[in-house]
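So this block is my_file35.txt, compact mmCIF, C-alpha atoms:
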```txt
# COMPACT_ATOMS: atom_id res chain seq x y z
CA MET A 1 -4.14 11.09 -31.58
CA LYS A 2 -1.30 8.59 -32.21
CA ASN A 3 1.29 11.19 -31.21
CA PHE A 4 -0.73 12.05 -28.11
CA ASN A 5 -0.76 8.41 -27.03
CA LYS A 6 3.04 8.43 -27.12
CA LEU A 7 3.22 11.35 -24.69
CA PRO A 8 3.47 9.22 -21.50
CA VAL A 9 6.38 7.19 -22.89
CA PHE A 10 8.13 10.35 -24.06
CA ALA A 11 7.64 12.08 -20.71
CA PHE A 12 8.82 8.96 -18.89
CA SER A 13 11.97 8.85 -21.02
CA ILE A 14 12.70 12.50 -20.23
CA ILE A 15 12.37 11.82 -16.50
CA ILE A 16 14.76 8.86 -16.69
CA PHE A 17 17.24 10.95 -18.68
CA LEU A 18 17.11 13.79 -16.16
CA ILE A 19 17.48 11.44 -13.20
CA GLY A 20 20.43 9.67 -14.76
CA ASN A 21 22.22 12.88 -15.71
CA TYR A 22 21.55 14.48 -12.35
CA ALA A 23 22.78 11.43 -10.44
CA SER A 24 25.91 11.03 -12.55
CA SER A 25 26.81 14.71 -12.19
CA LEU A 26 26.73 14.66 -8.38
CA ASP A 27 29.94 14.87 -6.40
CA LEU A 28 28.77 11.99 -4.23
CA ASN A 29 31.83 11.94 -2.01
CA GLY A 30 31.30 15.54 -0.96
CA ILE A 31 27.57 15.10 -0.46
CA ASP A 32 28.06 11.87 1.52
CA SER A 33 30.54 13.60 3.82
CA LYS A 34 28.27 16.58 4.50
CA MET A 35 25.18 14.42 5.05
CA ALA A 36 27.10 12.04 7.33
CA ASP A 37 28.14 14.99 9.50
CA MET A 38 24.67 16.55 9.47
CA PHE A 39 22.82 13.38 10.52
CA SER A 40 25.49 11.80 12.74
CA ALA A 41 23.34 12.53 15.82
CA TYR A 42 20.73 10.08 14.49
CA ILE A 43 23.10 7.09 14.32
CA ASP A 44 21.42 4.25 16.21
CA LYS A 45 23.57 2.06 18.46
CA ASN A 46 20.97 -0.72 18.22
CA GLU A 47 20.88 -0.74 14.42
CA GLY A 48 21.29 -4.22 12.95
CA LEU A 49 20.58 -6.28 16.08
CA THR A 50 17.65 -8.08 14.43
CA THR A 51 17.69 -10.73 11.72
CA PHE A 52 16.01 -10.87 8.29
CA ARG A 53 16.91 -7.22 7.64
CA SER A 54 15.68 -7.53 4.05
CA LEU A 55 12.16 -7.09 5.45
CA ASN A 56 13.03 -3.39 5.79
CA ILE A 57 14.03 -3.02 2.13
CA PRO A 58 11.21 -1.52 0.03
CA VAL A 59 10.17 -3.55 -3.00
CA GLY A 60 10.49 -0.40 -5.11
CA GLY A 61 8.28 1.66 -7.35
CA ARG A 62 5.73 4.06 -5.92
CA ALA A 63 6.23 2.97 -2.30
CA GLU A 64 9.92 3.82 -2.39
CA SER A 65 9.26 7.05 -4.32
CA LEU A 66 7.04 8.27 -1.48
CA GLY A 67 9.70 7.68 1.17
CA THR A 68 8.03 4.34 2.08
CA ALA A 69 5.33 6.32 3.96
CA CYS A 70 2.58 3.94 2.81
CA THR A 71 0.75 2.79 5.95
CA ALA A 72 -2.14 5.14 5.16
CA LEU A 73 -2.25 4.62 1.37
CA SER A 74 -5.43 2.85 0.26
CA ASP A 75 -4.96 2.53 -3.50
CA ASP A 76 -1.75 0.56 -4.11
CA ILE A 77 -0.68 -3.07 -4.05
CA CYS A 78 2.43 -2.08 -2.06
CA PHE A 79 0.29 -2.52 1.10
CA PHE A 80 1.82 -5.98 1.74
CA ASP A 81 4.86 -4.43 3.46
CA TYR A 82 3.00 -1.63 5.23
CA ASN A 83 -0.68 -2.11 6.13
CA PRO A 84 -2.52 -5.43 5.59
CA ALA A 85 -5.95 -3.77 5.99
CA VAL A 86 -5.70 -2.02 2.62
CA SER A 87 -6.66 -5.00 0.43
CA SER A 88 -10.30 -4.66 1.58
CA VAL A 89 -10.62 -1.19 0.01
CA LEU A 90 -8.44 -1.44 -3.11
CA PRO A 91 -10.43 -0.34 -6.17
CA GLN A 92 -9.20 -3.06 -8.56
CA THR A 93 -7.80 -6.56 -8.78
CA GLU A 94 -4.05 -6.23 -9.40
CA PHE A 95 -1.02 -8.27 -10.36
CA ALA A 96 2.40 -6.63 -9.97
CA VAL A 97 6.11 -7.29 -10.37
CA PHE A 98 8.87 -5.20 -8.79
CA HIS A 99 12.64 -5.03 -9.23
CA ASN A 100 14.82 -3.07 -6.82
CA ALA A 101 18.55 -2.79 -7.53
CA TRP A 102 19.74 -2.15 -4.00
CA ILE A 103 23.39 -1.81 -2.88
CA ALA A 104 26.25 -2.91 -5.17
CA ASP A 105 25.11 -6.19 -6.80
CA SER A 106 22.27 -6.92 -4.38
CA ALA A 107 18.66 -6.81 -5.53
CA ILE A 108 15.17 -7.70 -4.45
CA GLU A 109 12.56 -9.24 -6.77
CA THR A 110 8.86 -9.29 -5.91
CA ILE A 111 5.62 -10.57 -7.39
CA ALA A 112 2.23 -9.89 -5.80
CA THR A 113 -1.45 -10.20 -6.51
CA THR A 114 -4.56 -8.98 -4.71
CA SER A 115 -8.32 -8.90 -5.18
CA ARG A 116 -11.50 -8.39 -3.20
CA ASN A 117 -15.09 -9.54 -3.11
CA GLY A 118 -17.26 -6.80 -1.66
CA ASN A 119 -15.61 -5.77 1.58
CA LEU A 120 -13.39 -8.87 1.80
CA GLY A 121 -9.84 -8.42 0.52
CA TYR A 122 -7.12 -11.00 0.03
CA GLY A 123 -3.80 -11.42 -1.72
CA ALA A 124 -0.40 -13.10 -1.86
CA GLN A 125 3.19 -11.94 -2.25
CA LEU A 126 6.52 -13.63 -2.93
CA LYS A 127 9.81 -11.73 -2.71
CA CYS A 128 13.47 -12.62 -2.71
CA PHE A 129 16.49 -10.58 -1.67
CA TYR A 130 19.82 -11.87 -2.94
CA VAL A 131 23.45 -10.79 -3.08
CA PRO A 132 26.51 -12.52 -4.60
CA PHE A 133 28.64 -14.32 -2.01
CA SER A 134 32.32 -14.94 -2.75
CA GLU A 135 34.84 -16.55 -0.41
CA TYR A 136 38.58 -15.98 -0.61
CA ASN A 137 41.43 -17.81 1.12
CA MET A 138 44.45 -16.27 2.85
CA PHE A 139 46.15 -15.87 -0.54
CA ALA A 140 43.22 -13.80 -1.89
CA GLU A 141 42.21 -16.62 -4.20
CA LYS A 142 38.49 -17.12 -4.82
CA VAL A 143 37.60 -20.57 -3.52
CA ALA A 144 33.78 -20.41 -3.52
CA ALA A 145 31.08 -18.36 -5.20
CA SER A 146 27.34 -18.51 -4.62
CA TYR A 147 24.43 -16.35 -3.44
CA TYR A 148 23.17 -15.29 -0.04
CA SER A 149 19.40 -14.89 -0.13
CA GLU A 150 16.34 -14.18 2.00
CA THR A 151 13.00 -15.30 0.57
CA SER A 152 9.55 -14.70 2.04
CA ALA A 153 6.01 -15.70 1.11
CA ALA A 154 2.97 -13.88 2.44
CA PHE A 155 -0.80 -14.36 2.43
CA ASN A 156 -3.13 -11.47 3.21
CA LEU A 157 -6.73 -11.30 4.42
CA SER A 158 -8.74 -8.21 5.41
CA TYR A 159 -12.29 -6.92 5.84
CA ASN A 160 -13.85 -3.47 5.84
CA PHE A 161 -16.46 -3.45 8.61
CA LEU A 162 -19.54 -1.14 8.58
CA ALA A 163 -18.59 0.28 5.18
CA GLY A 164 -21.17 2.70 3.80
CA TYR A 165 -21.57 5.92 1.87
CA ASN A 166 -21.19 8.37 4.73
CA PHE A 167 -19.01 6.28 7.04
CA LYS A 168 -16.40 4.43 4.97
CA GLY A 169 -15.92 1.68 7.53
CA ILE A 170 -13.08 0.32 9.64
CA ALA A 171 -10.70 -1.81 7.62
CA VAL A 172 -8.95 -4.57 9.56
CA GLY A 173 -6.38 -6.94 8.12
CA THR A 174 -3.62 -9.43 8.75
CA THR A 175 -0.77 -10.84 6.68
CA LEU A 176 0.86 -14.14 7.55
CA ARG A 177 4.44 -14.46 6.36
CA ALA A 178 7.06 -17.21 6.31
CA ALA A 179 10.70 -16.52 5.42
CA TYR A 180 13.85 -18.52 4.76
CA ARG A 181 17.46 -17.32 4.83
CA SER A 182 19.86 -19.31 2.68
CA MET A 183 23.53 -19.12 3.57
CA PRO A 184 25.87 -20.81 1.04
CA ASP A 185 28.35 -23.47 2.13
CA TYR A 186 31.86 -22.28 2.98
CA THR A 187 35.27 -23.94 2.56
CA ASP A 188 37.80 -25.55 4.84
CA ASN A 189 40.72 -23.18 5.53
CA ASN A 190 43.29 -25.93 5.08
CA SER A 191 42.05 -27.78 2.01
CA ASN A 192 39.99 -25.02 0.34
CA GLN A 193 37.31 -27.65 -0.18
CA ILE A 194 33.66 -26.71 0.28
CA ILE A 195 32.20 -28.24 3.44
CA SER A 196 28.89 -29.75 2.46
CA GLY A 197 26.01 -28.48 4.63
CA SER A 198 28.14 -25.90 6.46
CA GLY A 199 25.91 -23.05 5.37
CA LYS A 200 22.91 -24.66 7.08
CA LYS A 201 24.32 -23.71 10.48
CA GLN A 202 23.77 -20.03 9.63
CA SER A 203 20.60 -20.44 7.57
CA ALA A 204 17.30 -19.60 9.24
CA VAL A 205 13.52 -19.73 9.04
CA ALA A 206 11.04 -17.21 10.38
CA CYS A 207 7.29 -16.95 10.93
CA MET A 208 5.57 -13.64 11.49
CA THR A 209 2.35 -11.70 11.11
CA ASP A 210 1.33 -8.15 10.27
CA LEU A 211 -1.75 -6.51 11.80
CA GLY A 212 -3.33 -3.35 10.45
CA LEU A 213 -6.16 -0.83 10.76
CA LEU A 214 -7.28 1.79 8.24
CA PHE A 215 -9.71 4.67 8.79
CA ARG A 216 -10.91 6.90 5.93
CA PHE A 217 -12.65 10.27 6.15
CA ASN A 218 -13.58 13.34 4.14
CA VAL A 219 -11.95 16.45 5.60
CA ALA A 220 -11.73 19.88 3.92
CA LYS A 221 -12.44 18.30 0.54
CA PHE A 222 -12.54 20.70 -2.39
CA PHE A 223 -13.12 18.26 -5.25
CA VAL A 224 -15.77 15.72 -6.23
CA ASP A 225 -14.82 12.10 -5.65
CA ARG A 226 -16.42 9.22 -3.77
CA ASN A 227 -13.10 8.18 -2.28
CA PRO A 228 -12.23 9.85 1.06
CA ASN A 229 -9.36 12.33 0.93
CA LEU A 230 -7.95 11.65 4.43
CA ASN A 231 -6.64 8.24 5.52
CA VAL A 232 -5.21 7.22 8.87
CA GLY A 233 -3.40 3.89 9.13
CA LEU A 234 -1.98 1.97 12.08
CA SER A 235 -0.02 -1.26 11.73
CA VAL A 236 2.29 -3.69 13.47
CA ASN A 237 4.70 -5.39 11.08
CA ASN A 238 6.95 -8.46 11.32
CA LEU A 239 5.61 -9.65 14.66
CA GLY A 240 7.17 -13.07 15.22
CA ALA A 241 10.47 -14.89 15.65
CA ALA A 242 13.26 -16.49 13.64
CA TYR A 243 15.16 -19.73 14.23
CA THR A 244 18.78 -19.87 13.11
CA GLY A 245 20.77 -23.02 12.39
CA PHE A 246 19.87 -26.54 11.37
CA GLY A 247 21.19 -29.81 12.76
CA ASP A 248 23.62 -29.52 15.66
CA ALA A 249 23.72 -25.71 15.94
CA ILE A 250 20.25 -24.33 16.60
CA ILE A 251 19.99 -20.81 17.98
CA ARG A 252 16.38 -19.98 18.80
CA ASP A 253 14.45 -16.79 19.36
CA ASP A 254 16.20 -14.40 17.00
CA SER A 255 14.35 -11.10 16.99
CA LEU A 256 12.80 -9.85 13.75
CA PRO A 257 12.63 -6.17 12.70
CA THR A 258 9.22 -5.66 14.31
CA ARG A 259 7.84 -2.13 14.07
CA ILE A 260 4.75 -0.11 14.93
CA SER A 261 3.73 2.45 12.31
CA LEU A 262 1.28 5.35 12.28
CA GLY A 263 0.61 6.98 8.92
CA ILE A 264 -1.54 9.76 7.48
CA SER A 265 -2.25 10.49 3.84
CA TYR A 266 -4.18 13.54 2.65
CA ARG A 267 -5.29 14.45 -0.85
CA ILE A 268 -5.46 18.25 -0.84
CA PHE A 269 -6.77 18.42 -4.37
CA ALA A 270 -7.52 15.59 -6.79
CA PRO A 271 -4.01 15.56 -8.33
CA ILE A 272 -1.99 16.26 -5.13
CA LEU A 273 -1.35 13.62 -2.45
CA ILE A 274 0.71 14.13 0.71
CA THR A 275 1.66 11.20 2.92
CA THR A 276 3.66 10.98 6.13
CA GLU A 277 4.55 8.27 8.61
CA PHE A 278 6.14 7.67 12.01
CA ARG A 279 7.63 4.29 13.00
CA LYS A 280 8.96 2.79 16.20
CA PRO A 281 10.90 -0.48 15.95
CA VAL A 282 10.40 -2.91 18.84
CA ASN A 283 12.71 -5.75 19.83
CA ILE A 284 10.14 -8.09 21.37
CA PHE A 285 12.82 -10.18 23.12
CA ASP A 286 14.79 -7.27 24.56
CA PHE A 287 13.03 -3.91 24.62
CA SER A 288 16.23 -2.15 25.67
CA ALA A 289 17.77 -3.22 22.35
CA SER A 290 14.96 -1.64 20.28
CA GLU A 291 16.06 0.68 17.50
CA SER A 292 15.26 4.40 17.47
CA TRP A 293 12.24 5.90 15.75
CA SER A 294 12.16 6.68 12.05
CA ALA A 295 9.96 8.94 9.94
CA GLY A 296 9.23 9.49 6.27
CA GLY A 297 7.00 11.40 3.94
CA GLY A 298 6.22 11.90 0.29
CA VAL A 299 4.35 13.98 -2.26
CA GLU A 300 2.64 12.77 -5.43
CA ILE A 301 1.53 15.18 -8.17
CA GLY A 302 -0.68 14.00 -11.02
CA ILE A 303 0.59 15.81 -14.11
CA THR A 304 -2.03 14.21 -16.36
CA ARG A 305 -4.62 11.48 -15.95
CA PHE A 306 -1.99 8.91 -16.94
CA PHE A 307 1.29 10.41 -15.65
CA SER A 308 2.41 11.39 -12.15
CA LEU A 309 5.58 12.45 -10.32
CA GLU A 310 6.55 11.40 -6.79
CA SER A 311 9.20 12.44 -4.31
CA GLY A 312 9.95 11.29 -0.78
CA PHE A 313 12.27 11.50 2.21
CA LEU A 314 13.05 8.87 4.85
CA LEU A 315 15.07 9.41 8.00
CA GLN A 316 16.10 6.10 9.53
CA GLY A 317 19.20 6.13 11.68
CA GLY A 318 22.05 8.25 10.38
CA ASN A 319 21.35 7.48 6.72
CA PRO A 320 18.71 9.81 5.22
CA ARG A 321 17.20 8.76 1.93
CA ILE A 322 15.84 11.02 -0.81
CA SER A 323 13.79 9.50 -3.62
CA LEU A 324 12.33 10.66 -6.91
CA GLY A 325 10.04 8.62 -9.12
CA SER A 326 7.24 8.62 -11.66
CA GLU A 327 4.40 6.42 -12.87
CA PHE A 328 2.56 6.30 -16.18
CA ASN A 329 -0.32 4.23 -17.53
CA VAL A 330 -0.45 2.34 -20.81
CA LYS A 331 -3.99 0.98 -21.05
CA SER A 332 -4.35 -1.43 -18.10
CA VAL A 333 -0.63 -1.46 -17.19
CA GLN A 334 0.89 1.04 -14.77
CA MET A 335 4.67 1.38 -15.02
CA GLY A 336 6.88 3.02 -12.39
CA VAL A 337 10.51 3.97 -11.85
CA CYS A 338 12.31 5.34 -8.80
CA TYR A 339 15.82 6.60 -8.07
CA THR A 340 16.92 6.80 -4.43
CA PHE A 341 19.93 8.62 -3.07
CA ASP A 342 21.46 7.89 0.35
CA LEU A 343 24.91 7.47 1.87
CA THR A 344 25.33 4.05 0.22
CA SER A 345 24.58 5.29 -3.30
CA SER A 346 27.30 4.90 -5.91
CA GLN A 347 28.05 7.04 -8.93
CA ASN A 348 29.39 4.30 -11.17
CA PRO A 349 27.44 2.15 -11.50
CA ILE A 350 24.39 4.12 -10.44
CA ASN A 351 22.47 1.93 -7.99
CA HIS A 352 19.25 2.33 -6.01
CA ILE A 353 17.10 2.16 -9.16
CA SER A 354 13.77 0.37 -8.84
CA LEU A 355 11.14 -0.54 -11.42
CA SER A 356 7.55 -1.71 -11.13
CA ALA A 357 4.79 -2.93 -13.42
CA LYS A 358 1.21 -3.24 -12.16
CA LEU A 359 -1.51 -4.88 -14.22
CA LYS A 360 -5.02 -3.60 -13.45
CA LEU A 361 -7.49 -6.47 -13.89
CA GLY A 362 -10.78 -4.70 -13.24
CA ASP A 363 -13.10 -4.27 -10.29
CA LYS A 364 -15.30 -7.39 -10.68
CA GLY A 365 -18.26 -5.27 -11.80
CA ARG A 366 -18.40 -3.02 -8.73
CA ALA A 367 -18.49 0.15 -10.85
CA LYS A 368 -21.44 -1.12 -12.92
CA ILE A 369 -23.34 -2.04 -9.76
CA GLN A 370 -22.67 1.42 -8.36
CA GLN A 371 -23.98 2.97 -11.59
CA LEU A 372 -27.22 1.00 -11.19
CA VAL A 373 -27.47 2.10 -7.56
CA ASP A 374 -27.09 5.72 -8.64
CA LYS A 375 -29.63 5.23 -11.42
CA TYR A 376 -32.32 3.86 -9.10
CA TYR A 377 -31.55 6.53 -6.51
CA ILE A 378 -31.88 9.39 -9.03
CA GLU A 379 -35.08 7.87 -10.41
CA GLY A 380 -36.43 7.74 -6.86
CA LEU A 381 -35.62 11.42 -6.32
CA LYS A 382 -37.43 12.39 -9.53
CA LEU A 383 -40.49 10.34 -8.57
CA TYR A 384 -40.42 11.89 -5.10
CA ALA A 385 -40.27 15.39 -6.58
CA ASP A 386 -43.26 14.59 -8.81
CA GLY A 387 -45.25 13.38 -5.82
CA ASN A 388 -45.19 9.71 -6.77
CA LEU A 389 -44.15 8.60 -3.31
CA ALA A 390 -45.00 4.89 -3.57
CA GLU A 391 -43.00 4.52 -6.80
CA ALA A 392 -40.14 6.50 -5.23
CA VAL A 393 -39.96 4.09 -2.30
CA LEU A 394 -39.77 1.16 -4.74
CA SER A 395 -36.86 2.81 -6.60
CA PHE A 396 -35.03 3.46 -3.34
CA ASP A 397 -35.57 -0.21 -2.39
CA LYS A 398 -33.94 -1.32 -5.65
CA ALA A 399 -30.89 0.80 -4.86
CA ILE A 400 -30.69 -0.58 -1.32
CA ASP A 401 -31.01 -4.17 -2.57
CA LEU A 402 -27.83 -3.63 -4.59
CA ASP A 403 -25.99 -1.70 -1.86
CA LYS A 404 -27.24 -2.40 1.66
CA ARG A 405 -25.32 0.56 3.13
CA PHE A 406 -26.03 3.22 0.48
CA ASP A 407 -26.95 5.91 2.98
CA PRO A 408 -28.53 8.45 0.54
CA ALA A 409 -31.13 5.90 -0.60
CA ILE A 410 -31.76 4.69 2.96
CA GLU A 411 -32.32 8.24 4.21
CA ALA A 412 -34.45 9.20 1.18
CA LYS A 413 -36.61 6.09 1.65
CA ILE A 414 -37.27 7.00 5.29
CA VAL A 415 -38.39 10.52 4.31
CA ALA A 416 -40.50 9.26 1.40
CA LYS A 417 -42.23 6.65 3.60
CA ARG A 418 -43.05 9.27 6.22
CA PHE A 419 -44.64 11.54 3.63
CA LEU A 420 -46.43 8.56 2.08
CA GLU A 421 -47.82 7.53 5.46
CA ALA A 422 -48.86 11.11 6.15
CA GLN A 423 -50.48 11.29 2.71
CA GLN A 424 -52.33 8.03 3.31
CA THR A 425 -53.47 9.22 6.75
CA LEU A 426 -54.72 12.49 5.26
CA GLU A 427 -56.58 10.64 2.51
CA SER A 428 -58.18 8.36 5.12
CA MET A 429 -59.27 11.36 7.16
CA GLN A 430 -60.73 13.01 4.06
CA THR A 431 -62.61 9.82 3.13
CA PHE A 432 -63.89 9.48 6.70
CA GLY A 433 -65.02 13.14 6.67
CA LYS A 434 -66.90 12.69 3.42
CA LYS A 435 -68.70 9.64 4.81
CA LYS A 436 -69.71 11.55 7.94
CA ALA A 437 -70.93 14.47 5.89
CA LYS A 438 -72.97 12.17 3.65
CA GLN A 439 -74.50 10.42 6.67
CA SER A 440 -75.48 13.74 8.25
CA THR A 441 -77.31 14.89 5.12
CA GLN A 442 -79.31 11.71 5.07
```
Go through the file and emit its structure as structure tokens.
Amino acid sequence: MKNFNKLPVFAFSIIIFLIGNYASSLDLNGIDSKMADMFSAYIDKNEGLTTFRSLNIPVGGRAESLGTACTALSDDICFFDYNPAVSSVLPQTEFAVFHNAWIADSAIETIATTSRNGNLGYGAQLKCFYVPFSEYNMFAEKVAASYYSETSAAFNLSYNFLAGYNFKGIAVGTTLRAAYRSMPDYTDNNSNQIISGSGKKQSAVACMTDLGLLFRFNVAKFFVDRNPNLNVGLSVNNLGAAYTGFGDAIIRDDSLPTRISLGISYRIFAPILITTEFRKPVNIFDFSASESWSAGGGVEIGITRFFSLESGFLLQGGNPRISLGSEFNVKSVQMGVCYTFDLTSSQNPINHISLSAKLKLGDKGRAKIQQLVDKYYIEGLKLYADGNLAEAVLSFDKAIDLDKRFDPAIEAKIVAKRFLEAQQTLESMQTFGKKKAKQSTQ
């Protein structure tokens, strides 16, 4: 048993080894050249016209492994950057940390937490993108060194309306986000002295909101599970504005990377998940400057109950991205790793590696309540089958008291009450007939 428990770590190590060896053996220059030629038609002339571009960088882990096609996912804390409605249907309370080594020395660090009470979901996220900033003078001498960074804080709130057993409800959510861009101070060209406060002229603040919908259904389902196997998500992300410059150089109304996303995820069988997504960026201040569409997709295969593999593809502009990742569970902790290859990938050092750790903190007793609901419902069915209709109705009532929208108990109670009323009517007619017969004999 001890050796068996080490299997996830061993398998995870093998995956990392294979990814590293595969990446280091690639002739990246040749691949970059061929891919650049192949996808040159998708180069977007409006790329980069918005500010706070770090909002488009995935935090890493499973979301990046699936090609960032996560608008329709309903079981992962990565929803903060994709669909704010998801927190109202997440199975567990979660706390997560992410690290994404992006391009060269840049990186993005993220912490997030989410929970829900009944059909009300909520959560918070804090993430920071940073890259070393070095300034050189005309003699190629380094005169200043600091960091450029973009930091954002988000608060999420969502609710799953009309949620029941047959109809899973309509999840609606919003995420409010505030962001700050920090530009380091630069130097005077003549004296090479740092000008205090000069970076503030290019620093910025932004306020935005995300809006999302999530619909869940059972379609062509060939396995037993209470969770729907088909999800459809629709969201609007980064809807707001940024303000650049402080003091005497304020430039207002900078456009954010606003986008509209439509996603579908489908679980063909219990261990196989397919997800796809279509996005359309929108420049809300100048629609003619909006970027072109993008699309992504991913596949997740559960190898065991505690270990899964993921792969994804994202086409955004002329830079296609291919990702490969895995996740494994160690008790209540879910660890993930992802390697992404695109035209900015480097061979030495190997970049585009992201890591995640998600702590599962339980479901606040929802599973135990559901077990009680099932218990009372099954008891009611047995009593109904034995002809004890009044007791069956009481059992169904107990189930409904715990879950107001447990459709099987509601429907069974209606049928049981009809038969009980019919039985009582029949008994009344029989009693009345006996009285009449007795009176006639007298």
Given all atoms listed in the file as the counted atoms, nearest of A:Ala412, A:Ile284, A:Leu230, A:Ile322 to Tyr266 of chain A: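 Counting all atoms listed in the file, the residue closest to Tyr266 of chain A is A:Leu230.
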d(atom CA of Tyr243 of chain A, atom CA of Leu49 of chain A) in Å: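 Interatomic distance, atom CA of Tyr243 of chain A to atom CA of Leu49 of chain A: 14.6 Å.
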Expected residue set, 8 Å radius at (-5.9, 6.8, 0.7), all atoms listed in the file, as a PDB file with C-alpha atoms, keeping the file's coordinate frame:
```pdb
ATOM      1  CA  ALA A  72      -2.140   5.140   5.160  1.00  0.00           C
ATOM      2  CA  LEU A  73      -2.250   4.620   1.370  1.00  0.00           C
ATOM      3  CA  SER A  74      -5.430   2.850   0.260  1.00  0.00           C
ATOM      4  CA  ASP A  75      -4.960   2.530  -3.500  1.00  0.00           C
ATOM      5  CA  ARG A 216     -10.910   6.900   5.930  1.00  0.00           C
ATOM      6  CA  ASN A 227     -13.100   8.180  -2.280  1.00  0.00           C
ATOM      7  CA  PRO A 228     -12.230   9.850   1.060  1.00  0.00           C
ATOM      8  CA  ASN A 229      -9.360  12.330   0.930  1.00  0.00           C
ATOM      9  CA  LEU A 230      -7.950  11.650   4.430  1.00  0.00           C
ATOM     10  CA  ASN A 231      -6.640   8.240   5.520  1.00  0.00           C
ATOM     11  CA  SER A 265      -2.250  10.490   3.840  1.00  0.00           C
ATOM     12  CA  TYR A 266      -4.180  13.540   2.650  1.00  0.00           C
ATOM     13  CA  ARG A 267      -5.290  14.450  -0.850  1.00  0.00           C
TER      14      ARG A 267
END
```
From A:Asp397, A:Asp407, A:Glu109, A:Glu300, residue lying nearest Ser65 of chain A [all atoms listed in the file]: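 Closest residue, counting all atoms listed in the file: A:Glu300.
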Distance query 7 Å from (18.8, 6.6, -5.0) using all atoms listed in the file, result as a PyMOL selection string: chain A and resi 322-323+339-342+345+351-353
Can you list, as a compact mmCIF listing (two decimals) with C-alpha atoms, in the coordinates of the input, every protein, DNA or RNA residue that comes within 10 Å of Asp105 of chain A when you count only C-alpha atoms, leaving out same-chain residues fewer than 4 positions away?
```
# COMPACT_ATOMS: atom_id res chain seq x y z
CA ALA A 101 18.55 -2.79 -7.53
CA TYR A 130 19.82 -11.87 -2.94
CA VAL A 131 23.45 -10.79 -3.08
CA PRO A 132 26.51 -12.52 -4.60
CA PRO A 349 27.44 2.15 -11.50
CA ASN A 351 22.47 1.93 -7.99
```
Among listed residues A:Pro281, A:Pro320, A:Gly118, A:Gly302, nearest Ala367 of chain A (using all atoms listed in the file):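 With all atoms listed in the file as the atom set, the closest residue is A:Gly118.
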Residue nearest Leu120 of chain A among A:Phe80, A:Phe133, A:Phe161, A:Phe155 (counting all atoms listed in the file):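 When distances to Leu120 of chain A are compared using all atoms listed in the file, the smallest one comes from A:Phe161.
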Polymer residues at most 9 Å from Pro91 of chain A, all atoms listed in the file, same-chain spacing of 6 or more positions, as a compact mmCIF listing (two decimals) with C-alpha atoms, in the coordinates of the input:
```txt
# COMPACT_ATOMS: atom_id res chain seq x y z
CA SER A 74 -5.43 2.85 0.26
CA ASP A 75 -4.96 2.53 -3.50
CA ASP A 76 -1.75 0.56 -4.11
CA SER A 115 -8.32 -8.90 -5.18
CA ARG A 116 -11.50 -8.39 -3.20
CA GLY A 362 -10.78 -4.70 -13.24
CA ASP A 363 -13.10 -4.27 -10.29
CA ARG A 366 -18.40 -3.02 -8.73
```
Interatomic distance, atom CA of Phe278 of chain A to atom CA of Ile264 of chain A (Å, one decimal):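 Atom-to-atom, atom CA of Phe278 of chain A and atom CA of Ile264 of chain A are spaced 9.2 Å apart.
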10 Å contact set for Asn388 of chain A, only C-alpha atoms, chain neighbours under 6 positions out, as an MDAnalysis selection string: chainID A and resid 380:382 416 420
Selection near Ala107 of chain A, 12 Å with all atoms listed in the file, sequence-local residues under 6 positions removed, as a PyMOL selection string: chain A and resi 54+57-60+98-101+127-132+147-151+351-355
Restricted to C-alpha atoms, what would the selected residues look like written as a compact mmCIF listing (two decimals), in the frame of the given file?
```txt
# COMPACT_ATOMS: atom_id res chain seq x y z
CA SER A 54 15.68 -7.53 4.05
CA ILE A 57 14.03 -3.02 2.13
CA PRO A 58 11.21 -1.52 0.03
CA VAL A 59 10.17 -3.55 -3.00
CA GLY A 60 10.49 -0.40 -5.11
CA PHE A 98 8.87 -5.20 -8.79
CA HIS A 99 12.64 -5.03 -9.23
CA ASN A 100 14.82 -3.07 -6.82
CA ALA A 101 18.55 -2.79 -7.53
CA LYS A 127 9.81 -11.73 -2.71
CA CYS A 128 13.47 -12.62 -2.71
CA PHE A 129 16.49 -10.58 -1.67
CA TYR A 130 19.82 -11.87 -2.94
CA VAL A 131 23.45 -10.79 -3.08
CA PRO A 132 26.51 -12.52 -4.60
CA TYR A 147 24.43 -16.35 -3.44
CA TYR A 148 23.17 -15.29 -0.04
CA SER A 149 19.40 -14.89 -0.13
CA GLU A 150 16.34 -14.18 2.00
CA THR A 151 13.00 -15.30 0.57
CA ASN A 351 22.47 1.93 -7.99
CA HIS A 352 19.25 2.33 -6.01
CA ILE A 353 17.10 2.16 -9.16
CA SER A 354 13.77 0.37 -8.84
CA LEU A 355 11.14 -0.54 -11.42
```
Point-to-point distance from atom CA of Asn238 of chain A to atom CA of Ile274 of chain A, Å rounded to tenths: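 About the pair atom CA of Asn238 of chain A and atom CA of Ile274 of chain A: they are 25.7 Å apart.
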Counting all atoms listed in the file, the option among A:Ile111, A:Ala153, A:Leu309, A:Ile170 closest to Gly233 of chain A: A:Ile170
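Across A:Gly387, A:Pro257, A:Gly336, A:Gly67, the tightest approach to Gly296 of chain A is made by A:Gly67 when counting all atoms listed in the file.
Summary of the local environment: counting all atoms listed in the file, residues at most 7 Å from Met335 of chain A, other than itself and those fewer than 2 positions away along its chain, are Glu327, Phe328, Asn329, Val333, Ser356, Ala357 and Lys358 of chain A.
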Around all listed atoms of segment 106-121 of chain A, padded 6 Å per side, what centre and edge lengths does the axis-aligned box have in Å to one decimal, as lines of an AutoDock Vina configuration file?
```
center_x = 2.5
center_y = -8.2
center_z = -2.8
size_x = 51.5
size_y = 16.8
size_z = 21.2
```
